[in-house]
file query.cif (mmCIF, C-alpha atoms)
data_upload
loop_
_atom_site.label_atom_id
_atom_site.label_comp_id
_atom_site.auth_asym_id
_atom_site.auth_seq_id
_atom_site.Cartn_x
_atom_site.Cartn_y
_atom_site.Cartn_z
CA MET A 125 116.26 80.46 101.65
CA HIS A 126 115.35 84.11 101.86
CA ALA A 127 116.95 86.24 104.56
CA ILE A 128 113.56 86.40 106.32
CA GLU A 129 113.36 82.61 106.38
CA LYS A 130 116.90 82.46 107.73
CA ILE A 131 115.92 84.77 110.59
CA LEU A 132 113.01 82.49 111.45
CA ALA A 133 115.04 79.30 111.02
CA ARG A 134 117.77 80.55 113.34
CA ALA A 135 115.17 81.44 115.99
CA ALA A 136 113.52 78.04 115.58
CA HIS A 137 116.88 76.19 115.82
CA ARG A 138 116.32 74.74 112.36
CA GLU A 139 118.66 74.47 109.41
CA VAL A 140 115.96 74.73 106.76
CA ILE A 141 112.34 75.90 106.75
CA LYS A 142 109.85 76.53 103.97
CA SER A 143 106.71 78.61 103.53
CA GLY A 144 103.58 77.14 105.06
CA GLU A 145 105.38 75.32 107.88
CA ILE A 146 104.38 75.96 111.49
CA ILE A 147 107.44 76.67 113.61
CA THR A 148 108.13 77.85 117.15
CA CYS A 149 110.69 80.63 117.51
CA ASP A 150 112.64 82.27 120.31
CA ILE A 151 111.65 85.92 120.55
CA ASP A 152 114.32 88.58 120.92
CA LEU A 153 112.14 91.50 122.05
CA VAL A 154 108.50 92.13 122.93
CA GLU A 155 106.80 95.48 123.29
CA ILE A 156 103.48 96.34 124.92
CA ASN A 157 101.83 99.71 124.44
CA ASP A 158 99.29 101.42 126.66
CA LEU A 159 96.29 100.13 124.73
CA TYR A 160 96.84 96.62 126.04
CA LEU A 161 96.39 96.17 129.76
CA GLN A 162 94.83 92.88 128.67
CA VAL A 163 98.38 91.53 128.21
CA ILE A 164 98.97 91.74 131.96
CA GLU A 165 95.49 90.45 132.75
CA SER A 166 96.02 87.45 130.46
CA PHE A 167 99.46 86.87 131.98
CA ASP A 168 97.82 86.70 135.42
CA GLU A 169 95.07 84.38 134.12
CA MET A 170 97.81 82.07 132.81
CA ASN A 171 99.18 82.01 136.38
CA GLY A 172 102.23 83.96 135.31
CA LYS A 173 104.59 84.98 138.07
CA LYS A 174 107.76 86.16 136.34
CA VAL A 175 108.37 87.18 132.75
CA TRP A 176 110.86 84.95 130.97
CA ASP A 177 113.47 87.71 130.52
CA PRO A 178 112.90 91.28 131.80
CA GLU A 179 115.68 92.58 129.53
CA LYS A 180 113.68 91.54 126.48
CA VAL A 181 110.42 93.21 127.51
CA VAL A 182 109.54 96.81 126.64
CA PHE A 183 106.61 98.97 127.74
CA VAL A 184 105.84 102.16 125.80
CA PHE A 185 103.14 104.64 126.77
CA ASP A 186 102.46 106.35 123.46
CA HIS A 187 98.83 105.98 122.42
CA TYR A 188 97.62 107.94 125.44
CA ALA A 189 100.54 110.25 126.15
CA PRO A 190 99.80 112.01 128.41
CA ALA A 191 96.74 110.15 129.68
CA PRO A 192 93.54 111.88 128.44
CA THR A 193 91.08 109.83 130.52
CA ILE A 194 90.86 108.28 133.97
CA LYS A 195 90.79 104.81 132.40
CA SER A 196 93.98 105.37 130.40
CA ALA A 197 95.67 106.81 133.50
CA GLN A 198 94.71 103.69 135.46
CA THR A 199 96.03 101.48 132.66
CA GLN A 200 99.37 103.25 132.68
CA ARG A 201 99.50 103.09 136.49
CA ASP A 202 98.94 99.33 136.43
CA MET A 203 101.51 98.82 133.66
CA ARG A 204 104.12 100.82 135.57
CA SER A 205 103.52 98.71 138.66
CA PHE A 206 103.88 95.50 136.65
CA ALA A 207 107.10 96.68 134.99
CA TRP A 208 108.64 97.76 138.31
CA GLN A 209 107.65 94.52 140.04
CA GLN A 210 109.10 92.46 137.19
CA GLY A 211 112.37 94.37 137.02
CA ILE A 212 111.64 95.59 133.49
CA ARG A 213 113.92 98.56 132.90
CA HIS A 214 112.81 99.33 129.36
CA LEU A 215 109.80 101.40 130.42
CA PHE A 216 109.26 104.37 128.12
CA ASP A 217 106.77 106.63 129.86
CA ILE A 218 104.52 109.41 128.56
CA ASN A 219 107.45 111.77 127.97
CA THR A 220 109.23 109.52 125.49
CA GLY A 221 107.35 109.00 122.21
CA VAL A 222 106.02 106.43 119.77
CA CYS A 223 107.16 102.84 120.25
CA HIS A 224 108.43 102.36 116.69
CA GLN A 225 110.63 105.41 117.04
CA VAL A 226 111.90 105.09 120.60
CA MET A 227 112.94 101.44 120.36
CA PRO A 228 115.39 102.01 117.47
CA GLU A 229 116.60 105.21 119.14
CA ALA A 230 117.35 103.21 122.28
CA GLY A 231 119.44 100.71 120.31
CA LEU A 232 116.98 97.85 120.89
CA VAL A 233 116.37 97.02 117.21
CA TYR A 234 118.92 95.31 114.97
CA PRO A 235 119.22 93.02 111.92
CA GLY A 236 118.36 89.36 112.37
CA MET A 237 116.13 89.77 115.42
CA ILE A 238 112.48 88.86 115.94
CA LEU A 239 110.48 91.71 117.47
CA VAL A 240 106.84 91.18 118.44
CA ALA A 241 104.60 94.00 119.65
CA THR A 242 100.96 94.81 120.35
CA ASP A 243 100.88 97.13 117.36
CA SER A 244 100.23 96.31 113.73
CA HIS A 245 102.83 98.80 112.47
CA THR A 246 105.65 96.73 113.95
CA THR A 247 106.48 95.98 110.30
CA THR A 248 108.36 99.31 110.55
CA HIS A 249 111.41 97.52 111.93
CA GLY A 250 112.03 95.72 108.67
CA ALA A 251 113.85 98.94 107.82
CA PHE A 252 116.64 97.61 110.06
CA GLY A 253 116.62 94.05 108.72
CA ALA A 254 114.54 92.80 111.65
CA PHE A 255 111.51 90.51 111.55
CA GLY A 256 108.89 92.74 113.17
CA THR A 257 105.24 91.81 113.52
CA GLY A 258 102.19 92.71 115.55
CA VAL A 259 100.15 90.34 117.71
CA GLY A 260 97.20 90.44 120.09
CA ALA A 261 97.21 90.58 123.87
CA THR A 262 96.86 86.86 124.57
CA ASP A 263 99.73 85.92 122.24
CA LEU A 264 101.91 88.57 123.86
CA ALA A 265 101.06 87.29 127.34
CA SER A 266 102.10 83.81 126.27
CA ILE A 267 105.44 85.16 125.08
CA LEU A 268 105.96 86.88 128.44
CA LEU A 269 105.68 83.44 130.02
CA THR A 270 107.75 81.40 127.58
CA GLY A 271 109.82 83.68 125.39
CA LYS A 272 108.51 81.78 122.38
CA MET A 273 105.82 82.11 119.72
CA TRP A 274 104.59 80.02 116.85
CA PHE A 275 104.60 81.30 113.26
CA ARG A 276 103.42 80.00 109.95
CA VAL A 277 106.36 80.67 107.67
CA PRO A 278 105.06 83.30 105.26
CA GLU A 279 105.37 83.39 101.51
CA ILE A 280 107.57 86.28 100.43
CA ILE A 281 106.76 88.95 97.88
CA ASN A 282 109.46 91.13 96.37
CA ILE A 283 108.63 94.72 95.50
CA LYS A 284 111.47 96.23 93.48
CA ILE A 285 111.46 99.99 93.15
CA SER A 286 113.79 101.66 90.69
CA GLY A 287 114.44 105.19 89.52
CA ASP A 288 115.13 108.52 91.19
CA LEU A 289 112.51 110.61 92.95
CA LYS A 290 111.67 113.96 91.42
CA PRO A 291 111.80 117.07 93.63
CA GLY A 292 108.74 117.33 95.86
CA VAL A 293 108.16 113.56 95.82
CA LEU A 294 108.90 111.69 99.04
CA PRO A 295 109.04 108.11 100.41
CA LYS A 296 105.42 108.42 101.54
CA ASP A 297 104.45 108.98 97.92
CA ILE A 298 106.25 105.77 96.94
CA ILE A 299 104.39 103.56 99.39
CA LEU A 300 101.04 105.21 98.68
CA TYR A 301 101.56 104.55 94.99
CA VAL A 302 102.46 100.91 95.65
CA LEU A 303 99.38 100.49 97.84
CA GLY A 304 97.23 102.05 95.17
CA GLN A 305 98.58 99.60 92.58
CA LEU A 306 98.52 96.42 94.69
CA GLY A 307 95.62 96.97 97.09
CA THR A 308 95.05 96.15 100.75
CA LYS A 309 94.89 92.36 100.36
CA LYS A 310 97.92 91.67 98.19
CA ALA A 311 100.16 90.51 101.06
CA LEU A 312 97.77 88.91 103.55
CA TYR A 313 99.97 86.85 105.94
CA LYS A 314 102.86 87.24 103.54
CA ALA A 315 106.20 88.94 104.00
CA VAL A 316 107.21 91.82 101.76
CA GLU A 317 110.79 92.61 100.81
CA PHE A 318 111.43 96.06 99.36
CA SER A 319 114.48 96.28 97.10
CA GLY A 320 115.87 98.23 94.17
CA GLU A 321 117.94 101.36 93.74
CA ALA A 322 115.20 103.69 94.93
CA ILE A 323 115.06 101.85 98.26
CA GLU A 324 118.84 101.71 98.57
CA ASN A 325 118.98 105.48 98.08
CA LEU A 326 116.54 106.18 100.91
CA ASP A 327 117.75 107.23 104.34
CA ILE A 328 116.66 105.26 107.41
CA ALA A 329 113.67 107.54 108.01
CA GLY A 330 112.41 106.92 104.48
CA ARG A 331 112.88 103.17 104.79
CA MET A 332 110.87 103.22 108.01
CA VAL A 333 107.99 104.92 106.19
CA ILE A 334 108.01 102.24 103.49
CA CYS A 335 108.09 99.29 105.91
CA ASN A 336 105.60 100.91 108.27
CA MET A 337 102.84 100.90 105.70
CA ALA A 338 103.52 97.41 104.36
CA VAL A 339 100.97 96.20 106.90
CA GLU A 340 98.34 98.20 105.00
CA MET A 341 98.56 95.60 102.25
CA GLY A 342 98.17 92.86 104.88
CA ALA A 343 101.85 92.01 105.32
CA LYS A 344 102.92 89.88 108.26
CA THR A 345 106.31 91.56 108.15
CA ALA A 346 108.44 93.76 105.91
CA TYR A 347 112.13 93.68 105.11
CA ILE A 348 114.91 95.77 103.60
CA GLN A 349 118.33 94.19 103.28
CA PRO A 350 120.74 95.88 105.73
CA ASP A 351 123.53 97.90 104.16
CA GLU A 352 126.08 100.56 105.07
CA ALA A 353 123.34 103.07 105.94
CA THR A 354 121.83 100.55 108.34
CA MET A 355 125.15 99.90 110.05
CA THR A 356 125.91 103.60 110.37
CA TYR A 357 122.59 104.12 112.11
CA LEU A 358 123.13 101.15 114.43
CA LYS A 359 126.55 102.47 115.43
CA SER A 360 125.02 105.85 116.25
CA ARG A 361 122.60 104.05 118.57
CA LYS A 362 125.31 102.00 120.27
CA VAL A 363 123.68 98.72 119.28
CA ASP A 364 125.36 95.61 120.68
CA PHE A 365 126.89 94.23 117.49
CA ASP A 366 127.38 90.82 119.11
CA LYS A 367 123.62 90.40 118.57
CA VAL A 368 123.57 91.53 114.96
CA VAL A 369 123.16 88.84 112.32
CA VAL A 370 122.90 89.94 108.70
CA HIS A 371 121.48 87.18 106.53
CA GLU A 372 121.81 87.09 102.76
CA THR A 373 119.11 85.72 100.49
CA ASP A 374 120.23 82.74 98.38
CA SER A 375 120.82 83.76 94.79
CA ASP A 376 118.42 81.13 93.42
CA TYR A 377 115.56 82.04 95.76
CA GLN A 378 112.14 82.14 94.08
CA PHE A 379 109.69 84.75 95.38
CA SER A 380 106.01 83.90 95.47
CA GLU A 381 105.40 87.15 93.57
CA GLN A 382 107.55 89.85 92.00
CA HIS A 383 106.37 93.42 91.42
CA ASN A 384 108.48 96.11 89.74
CA PHE A 385 107.85 99.85 89.89
CA ASP A 386 109.79 102.70 88.31
CA ILE A 387 109.18 105.88 90.27
CA SER A 388 111.24 108.19 88.04
CA ASN A 389 108.14 110.03 86.87
CA LEU A 390 106.04 109.60 90.01
CA ASP A 391 103.93 112.57 91.06
CA PRO A 392 102.98 113.27 94.69
CA GLN A 393 100.29 110.80 95.74
CA ILE A 394 97.33 110.96 98.10
CA ALA A 395 95.01 108.29 99.53
CA THR A 396 91.45 109.58 99.45
CA PRO A 397 88.62 108.51 101.78
CA HIS A 398 88.10 105.88 102.99
CA SER A 399 90.83 103.39 102.12
CA VAL A 400 94.63 103.45 102.01
CA ASP A 401 94.60 102.00 98.49
CA ASN A 402 92.21 104.61 97.10
CA VAL A 403 95.21 106.50 95.76
CA VAL A 404 95.40 109.21 93.11
CA PRO A 405 97.91 111.94 92.22
CA VAL A 406 97.50 114.92 94.54
CA GLY A 407 96.50 117.06 91.58
CA ALA A 408 93.34 114.98 91.11
CA VAL A 409 91.87 116.33 94.36
CA LYS A 410 93.44 119.79 94.27
CA GLY A 411 91.22 122.41 95.87
CA THR A 412 89.63 120.16 98.49
CA LYS A 413 89.14 122.35 101.56
CA VAL A 414 91.23 121.30 104.58
CA ASN A 415 90.09 121.89 108.17
CA GLN A 416 93.03 120.16 109.83
CA ALA A 417 96.48 119.05 108.76
CA PHE A 418 98.55 116.61 110.81
CA ILE A 419 102.27 115.82 110.73
CA GLY A 420 103.24 113.10 113.18
CA SER A 421 102.85 109.43 114.18
CA CYS A 422 105.15 106.45 113.54
CA THR A 423 104.84 107.24 109.84
CA GLY A 424 105.37 110.98 109.65
CA GLY A 425 106.75 112.45 112.86
CA ARG A 426 110.52 112.33 112.38
CA VAL A 427 112.98 115.21 112.13
CA GLU A 428 113.04 114.79 108.36
CA ASP A 429 109.25 115.27 108.18
CA ILE A 430 109.17 118.31 110.44
CA GLU A 431 112.11 119.80 108.57
CA ILE A 432 110.10 119.62 105.36
CA ALA A 433 107.24 121.52 107.02
CA TYR A 434 109.72 124.06 108.35
CA ASN A 435 111.19 124.67 104.90
CA ILE A 436 107.73 125.24 103.46
CA LEU A 437 106.27 127.36 106.26
CA LYS A 438 109.14 129.45 107.62
CA GLY A 439 108.28 133.12 107.43
CA LYS A 440 104.69 132.33 106.41
CA LYS A 441 101.33 131.83 108.11
CA ILE A 442 99.04 128.85 107.64
CA ASN A 443 95.54 129.51 106.33
CA ASN A 444 93.41 131.11 109.02
CA LYS A 445 90.66 128.54 108.52
CA THR A 446 93.01 125.54 108.79
CA ARG A 447 94.60 123.94 111.87
CA LEU A 448 98.05 122.38 111.71
CA VAL A 449 98.92 119.85 114.43
CA ILE A 450 102.52 118.64 114.64
CA ILE A 451 103.57 115.88 117.03
CA PRO A 452 107.20 114.73 117.07
CA ALA A 453 107.51 110.96 117.20
CA SER A 454 109.89 111.09 120.17
CA LYS A 455 111.39 113.32 122.83
CA GLU A 456 114.70 113.16 121.00
CA ILE A 457 113.06 114.45 117.83
CA LEU A 458 111.29 117.21 119.77
CA LEU A 459 114.59 118.39 121.26
CA GLU A 460 116.34 118.27 117.89
CA CYS A 461 113.57 120.33 116.31
CA ILE A 462 113.91 122.90 119.09
CA ASN A 463 117.69 122.97 118.69
CA ARG A 464 117.38 123.57 114.96
CA GLY A 465 114.75 126.28 115.41
CA TYR A 466 112.09 124.32 113.54
CA MET A 467 109.58 124.27 116.37
CA GLN A 468 109.78 128.00 117.08
CA GLU A 469 109.32 128.93 113.43
CA LEU A 470 106.45 126.49 112.93
CA VAL A 471 104.65 127.79 116.02
CA ARG A 472 105.00 131.30 114.59
CA ALA A 473 103.49 129.97 111.36
CA GLY A 474 100.44 128.81 113.30
CA ALA A 475 101.21 125.16 114.09
CA THR A 476 100.12 123.51 117.34
CA PHE A 477 102.67 121.18 118.92
CA THR A 478 101.73 118.54 121.50
CA ALA A 479 103.64 115.93 123.50
CA PRO A 480 105.48 113.14 121.63
CA GLY A 481 103.17 110.19 121.01
CA CYS A 482 100.52 108.87 118.67
CA GLY A 483 98.13 111.78 119.20
CA PRO A 484 95.10 112.01 116.87
CA CYS A 485 96.34 109.19 114.62
CA LEU A 486 94.10 106.78 116.52
CA GLY A 487 91.33 109.29 117.16
CA THR A 488 91.42 109.60 120.93
CA HIS A 489 92.99 112.96 121.79
CA GLN A 490 95.33 115.82 120.85
CA GLY A 491 93.44 116.87 117.73
CA VAL A 492 90.48 114.66 116.83
CA ILE A 493 88.30 115.86 113.99
CA ALA A 494 84.60 116.73 113.96
CA PRO A 495 81.77 115.51 111.70
CA GLY A 496 82.04 116.94 108.22
CA GLU A 497 85.67 118.00 108.60
CA VAL A 498 88.53 117.16 106.27
CA CYS A 499 91.98 116.21 107.57
CA VAL A 500 95.07 115.75 105.43
CA THR A 501 97.63 113.76 107.36
CA ALA A 502 101.11 112.28 107.14
CA SER A 503 99.97 109.28 109.23
CA ASN A 504 98.98 105.84 107.97
CA ARG A 505 95.22 105.10 107.99
CA ASN A 506 92.16 106.87 106.67
CA PHE A 507 89.18 104.63 107.34
CA PRO A 508 86.06 106.21 108.90
CA GLY A 509 86.51 107.16 112.55
CA ARG A 510 90.28 106.70 112.54
CA MET A 511 91.01 110.27 113.66
CA GLY A 512 87.73 111.21 115.30
CA SER A 513 84.25 111.39 113.81
CA SER A 514 83.24 108.63 111.43
CA ASP A 515 81.59 111.38 109.38
CA ALA A 516 84.90 113.11 108.69
CA ASP A 517 87.15 112.61 105.65
CA ILE A 518 90.84 111.69 105.95
CA TYR A 519 93.41 112.07 103.18
CA LEU A 520 96.85 110.43 103.53
CA ALA A 521 99.78 112.27 102.01
CA SER A 522 103.43 113.17 102.41
CA PRO A 523 104.49 115.81 104.96
CA ALA A 524 105.21 118.14 102.05
CA THR A 525 101.67 117.85 100.73
CA VAL A 526 100.31 118.26 104.26
CA ALA A 527 102.35 121.40 104.95
CA VAL A 528 101.49 123.08 101.64
CA SER A 529 97.82 122.22 102.11
CA ALA A 530 97.88 123.77 105.60
CA LEU A 531 99.48 126.89 104.15
CA LEU A 532 96.90 127.37 101.42
CA GLY A 533 93.86 125.86 103.16
CA TYR A 534 93.16 123.30 100.47
CA ILE A 535 94.84 120.15 99.15
CA THR A 536 97.70 121.18 96.89
CA ASP A 537 100.58 119.53 95.05
CA PRO A 538 103.69 120.68 96.97
CA ARG A 539 105.54 121.33 93.74
CA GLU A 540 103.32 124.36 93.21
CA LEU A 541 105.53 126.08 95.77
CA GLU A 542 108.59 125.75 93.59
CA GLY A 543 111.86 125.65 95.49
CA GLU A 544 110.20 125.26 98.89
CA VAL A 545 110.34 121.45 99.21
#

call {"tool": "encode", "arguments": {"input": "query.cif", "output": "C-alpha cells"}}
result
Amino acid sequence: MHAIEKILARAAHREVIKSGEIITCDIDLVEINDLYLQVIESFDEMNGKKVWDPEKVVFVFDHYAPAPTIKSAQTQRDMRSFAWQQGIRHLFDINTGVCHQVMPEAGLVYPGMILVATDSHTTTHGAFGAFGTGVGATDLASILLTGKMWFRVPEIINIKISGDLKPGVLPKDIILYVLGQLGTKKALYKAVEFSGEAIENLDIAGRMVICNMAVEMGAKTAYIQPDEATMTYLKSRKVDFDKVVVHETDSDYQFSEQHNFDISNLDPQIATPHSVDNVVPVGAVKGTKVNQAFIGSCTGGRVEDIEIAYNILKGKKINNKTRLVIIPASKEILLECINRGYMQELVRAGATFTAPGCGPCLGTHQGVIAPGEVCVTASNRNFPGRMGSSDADIYLASPATVAVSALLGYITDPRELEGEV
C-alpha cells in the first residue's frame, strides 16, 4: 500500500484497503473556521449535546479577522460561546492568523494523522505527512458527534519533480507550472504525492505552498513523505511524538498515474485570468498594469515570502499608482517580521499591513479590488470575484513577482532586478 492508504487503513482499523473502497475512519483533528456557523447549527439539529473529544476540535477565526460586518461578528460570538461551553481550548481568535498556518505552529499537525477542516486548502498539511482534506458543514457536524467520517479510498497520483531551481524561481512557480501542465481536473477525488529531489530540497514553507495548491487540480489530499526537515520542524513545535506515525510506501506500489517534471530551466510562472491553470511564463504578460499587489494568505504569507518582498523593496518605493497589501499568515509571523525589521522597511516602501488572517484572498475585506482593476497576488485562486469585483482581473504569481510588479507598477519577471531576489 501507499503511505496515504496506510494512514487511512490505520484510522479504519483495517490491515489492508484499496482504492475505491468506502471506509469509516477515526479522525484525529477537526477545524472549523468563521465562515461556517452552519457546523454548530447542524450539530444542534442532530441533537448534539457534547462534542466527541474537545481536545481534537479547533476553531480558527481567520476569514473575517477582525470582523468586518455585524453578521461576521455575530458568527464569531456564537462560535466562541460554543467553544467555551464545550471545553474546547483550541480557539484561535481574530488575533492569531490563518488556520493552515496556526495549527502547525501550535504543534497540532503531525505525520500519520487525519485532519478534516471546513476549508478546501486543508491539503496544505500533506507537507507534514498528514492526510488533510476539506469538507462541508454537515459532514463536520457529524464528526463533532462521532469522531468518525467515511471516505472513498482515493486513487493516488505521483508527481515527481526533479532539478534545481534557478535564482528568482520559487516553489509557487513550481506548482503553477504543474497546474498549467495538468489542469484543474487531473486529480478529482484523487490523492497527489509530490516527490523528487526538487521537493526534498524545499523547506517546510515551500512544501506547504506545493501541497496547498494541489486542491486546485481537484485533489482530495496531498502528501510529501516526511523526512529530516519534517522532524526538525515538528521538534521546534513541541509536537507529541507519541502520536507521530511515519508510514513508508511499499516498493512495488503502482500509482494510478505518474507525471515527471524537470524544473531546472523553469522560468517564473503566472496564472492569468480567470483560471489557476491558465499559466504562462511571467515574461508573456510583462507590462500589464497593476493596481494592487497582495502578499499573504495560506499560500503566500509566511516569513519566507515577506522576506523576499523585503529584499526586493528595502530602500525603494513602490509605484505611486500601485497598492501593495501584505498580510502575515499568523501573529507569530507578524512578530518575527517586526523583529527582523521587515515590516518597518516595507511600510516605508509603501506597503499596507493588516491583521493576520485571510484578508482579500476571499474578497470580503482588507483590500478588495474594484471593477476594471488588476491584482497580482501570491494567493491561490483567480476566478472572477475571488478578491472583489467580478469585473477585475487576478494574476497568481510568486511573492518575488508580486513585489517586483508592485515596485514597477506592471507585471515583471523578478529576475529583471538582478541580485535582488

call {"tool": "resolve_selection", "arguments": {"input": "query.cif", "expression": "the PyMOL selection byres ((chain A and resi 332) around 8)", "output": "list in words"}}
result
Thr248, His249, Gly250, Ala251, Ile328, Ala329, Gly330, Arg331, Val333, Ile334, Cys335, Asn336 and Thr423 of chain A

call {"tool": "resolve_selection", "arguments": {"input": "query.cif", "expression": "the PyMOL selection byres ((chain A and resi 323) around 12)", "output": "ChimeraX atom specification"}}
result
/A:251,283-289,294-295,298-299,317-322,324-335,347-351,353,385-387

call {"tool": "closest_residue", "arguments": {"input": "query.cif", "among": "A:Leu269, A:Ile128, A:Leu239, A:Val370", "to": "Gly172 of chain A", "atoms": "all atoms listed in the file"}}
result
A:Leu269

call {"tool": "resolve_selection", "arguments": {"input": "query.cif", "expression": "the PyMOL selection byres ((chain A and resi 359) around 12)", "output": "PDB file with C-alpha atoms, in the frame of the given file"}}
result
ATOM      1  CA  PRO A 228     115.390 102.010 117.470  1.00  0.00           C
ATOM      2  CA  GLU A 229     116.600 105.210 119.140  1.00  0.00           C
ATOM      3  CA  ALA A 230     117.350 103.210 122.280  1.00  0.00           C
ATOM      4  CA  GLY A 231     119.440 100.710 120.310  1.00  0.00           C
ATOM      5  CA  LEU A 232     116.980  97.850 120.890  1.00  0.00           C
ATOM      6  CA  VAL A 233     116.370  97.020 117.210  1.00  0.00           C
ATOM      7  CA  TYR A 234     118.920  95.310 114.970  1.00  0.00           C
ATOM      8  CA  GLU A 352     126.080 100.560 105.070  1.00  0.00           C
ATOM      9  CA  ALA A 353     123.340 103.070 105.940  1.00  0.00           C
ATOM     10  CA  THR A 354     121.830 100.550 108.340  1.00  0.00           C
ATOM     11  CA  MET A 355     125.150  99.900 110.050  1.00  0.00           C
ATOM     12  CA  THR A 356     125.910 103.600 110.370  1.00  0.00           C
ATOM     13  CA  TYR A 357     122.590 104.120 112.110  1.00  0.00           C
ATOM     14  CA  LEU A 358     123.130 101.150 114.430  1.00  0.00           C
ATOM     15  CA  SER A 360     125.020 105.850 116.250  1.00  0.00           C
ATOM     16  CA  ARG A 361     122.600 104.050 118.570  1.00  0.00           C
ATOM     17  CA  LYS A 362     125.310 102.000 120.270  1.00  0.00           C
ATOM     18  CA  VAL A 363     123.680  98.720 119.280  1.00  0.00           C
ATOM     19  CA  ASP A 364     125.360  95.610 120.680  1.00  0.00           C
ATOM     20  CA  PHE A 365     126.890  94.230 117.490  1.00  0.00           C
ATOM     21  CA  VAL A 368     123.570  91.530 114.960  1.00  0.00           C
TER      22      VAL A 368
END

call {"tool": "residues_around", "arguments": {"input": "query.cif", "residues": "Glu497 of chain A", "least_positions_apart": "5", "cutoff": "10 Å", "atoms": "all atoms listed in the file", "output": "number ranges by chain"}}
result
A: 413-416, 512-513, 515-518

call {"tool": "residues_around", "arguments": {"input": "query.cif", "residues": "Gly307 of chain A", "least_positions_apart": "4", "cutoff": "8 Å", "atoms": "all atoms listed in the file", "output": "ChimeraX atom specification"}}
result
/A:303,341,401

call {"tool": "closest_residue", "arguments": {"input": "query.cif", "among": "A:Arg134, A:Gly256, A:Ile238, A:Ser454", "to": "Phe216 of chain A", "atoms": "all atoms listed in the file"}}
result
A:Ser454

call {"tool": "closest_residue", "arguments": {"input": "query.cif", "among": "A:Arg505, A:His489, A:Arg276, A:Arg213", "to": "Glu145 of chain A", "atoms": "only C-alpha atoms"}}
result
A:Arg276

call {"tool": "atom_distance", "arguments": {"input": "query.cif", "atom1": "atom CA of Phe477 of chain A", "atom2": "atom CA of Glu540 of chain A"}}
result
25.9 Å

call {"tool": "atom_distance", "arguments": {"input": "query.cif", "atom1": "atom CA of Tyr377 of chain A", "atom2": "atom CA of Ile280 of chain A"}}
result
10.2 Å

call {"tool": "closest_residue", "arguments": {"input": "query.cif", "among": "A:Ile156, A:Ala494, A:Val369, A:Val400", "to": "Val339 of chain A", "atoms": "all atoms listed in the file"}}
result
A:Val400

call {"tool": "residues_around", "arguments": {"input": "query.cif", "residues": "Lys272 of chain A", "least_positions_apart": "6", "cutoff": "7 Å", "atoms": "only C-alpha atoms", "output": "count of residues only"}}
result
4

call {"tool": "closest_residue", "arguments": {"input": "query.cif", "among": "A:Thr525, A:Gln209, A:Gln468, A:Ser143", "to": "Ala502 of chain A", "atoms": "all atoms listed in the file"}}
result
A:Thr525

call {"tool": "closest_residue", "arguments": {"input": "query.cif", "among": "A:Val500, A:Leu520, A:Leu532, A:Val140", "to": "Lys296 of chain A", "atoms": "all atoms listed in the file"}}
result
A:Leu520

call {"tool": "atom_distance", "arguments": {"input": "query.cif", "atom1": "atom CA of Lys455 of chain A", "atom2": "atom CA of Gln490 of chain A"}}
result
16.4 Å

call {"tool": "residues_around", "arguments": {"input": "query.cif", "residues": "Pro538 of chain A", "least_positions_apart": "2", "cutoff": "12 Å", "atoms": "only C-alpha atoms", "output": "MDAnalysis selection string"}}
result
chainID A and resid 290:294 297 391:394 405:407 410 432:433 435:437 521:532 534:536 540:545

call {"tool": "write_last_selection", "arguments": {"input": "query.cif", "atoms": "C-alpha atoms", "output": "PDB file, in the frame of the given file"}}
result
ATOM      1  CA  LYS A 290     111.670 113.960  91.420  1.00  0.00           C
ATOM      2  CA  PRO A 291     111.800 117.070  93.630  1.00  0.00           C
ATOM      3  CA  GLY A 292     108.740 117.330  95.860  1.00  0.00           C
ATOM      4  CA  VAL A 293     108.160 113.560  95.820  1.00  0.00           C
ATOM      5  CA  LEU A 294     108.900 111.690  99.040  1.00  0.00           C
ATOM      6  CA  ASP A 297     104.450 108.980  97.920  1.00  0.00           C
ATOM      7  CA  ASP A 391     103.930 112.570  91.060  1.00  0.00           C
ATOM      8  CA  PRO A 392     102.980 113.270  94.690  1.00  0.00           C
ATOM      9  CA  GLN A 393     100.290 110.800  95.740  1.00  0.00           C
ATOM     10  CA  ILE A 394      97.330 110.960  98.100  1.00  0.00           C
ATOM     11  CA  PRO A 405      97.910 111.940  92.220  1.00  0.00           C
ATOM     12  CA  VAL A 406      97.500 114.920  94.540  1.00  0.00           C
ATOM     13  CA  GLY A 407      96.500 117.060  91.580  1.00  0.00           C
ATOM     14  CA  LYS A 410      93.440 119.790  94.270  1.00  0.00           C
ATOM     15  CA  ILE A 432     110.100 119.620 105.360  1.00  0.00           C
ATOM     16  CA  ALA A 433     107.240 121.520 107.020  1.00  0.00           C
ATOM     17  CA  ASN A 435     111.190 124.670 104.900  1.00  0.00           C
ATOM     18  CA  ILE A 436     107.730 125.240 103.460  1.00  0.00           C
ATOM     19  CA  LEU A 437     106.270 127.360 106.260  1.00  0.00           C
ATOM     20  CA  ALA A 521      99.780 112.270 102.010  1.00  0.00           C
ATOM     21  CA  SER A 522     103.430 113.170 102.410  1.00  0.00           C
ATOM     22  CA  PRO A 523     104.490 115.810 104.960  1.00  0.00           C
ATOM     23  CA  ALA A 524     105.210 118.140 102.050  1.00  0.00           C
ATOM     24  CA  THR A 525     101.670 117.850 100.730  1.00  0.00           C
ATOM     25  CA  VAL A 526     100.310 118.260 104.260  1.00  0.00           C
ATOM     26  CA  ALA A 527     102.350 121.400 104.950  1.00  0.00           C
ATOM     27  CA  VAL A 528     101.490 123.080 101.640  1.00  0.00           C
ATOM     28  CA  SER A 529      97.820 122.220 102.110  1.00  0.00           C
ATOM     29  CA  ALA A 530      97.880 123.770 105.600  1.00  0.00           C
ATOM     30  CA  LEU A 531      99.480 126.890 104.150  1.00  0.00           C
ATOM     31  CA  LEU A 532      96.900 127.370 101.420  1.00  0.00           C
ATOM     32  CA  TYR A 534      93.160 123.300 100.470  1.00  0.00           C
ATOM     33  CA  ILE A 535      94.840 120.150  99.150  1.00  0.00           C
ATOM     34  CA  THR A 536      97.700 121.180  96.890  1.00  0.00           C
ATOM     35  CA  GLU A 540     103.320 124.360  93.210  1.00  0.00           C
ATOM     36  CA  LEU A 541     105.530 126.080  95.770  1.00  0.00           C
ATOM     37  CA  GLU A 542     108.590 125.750  93.590  1.00  0.00           C
ATOM     38  CA  GLY A 543     111.860 125.650  95.490  1.00  0.00           C
ATOM     39  CA  GLU A 544     110.200 125.260  98.890  1.00  0.00           C
ATOM     40  CA  VAL A 545     110.340 121.450  99.210  1.00  0.00           C
TER      41      VAL A 545
END
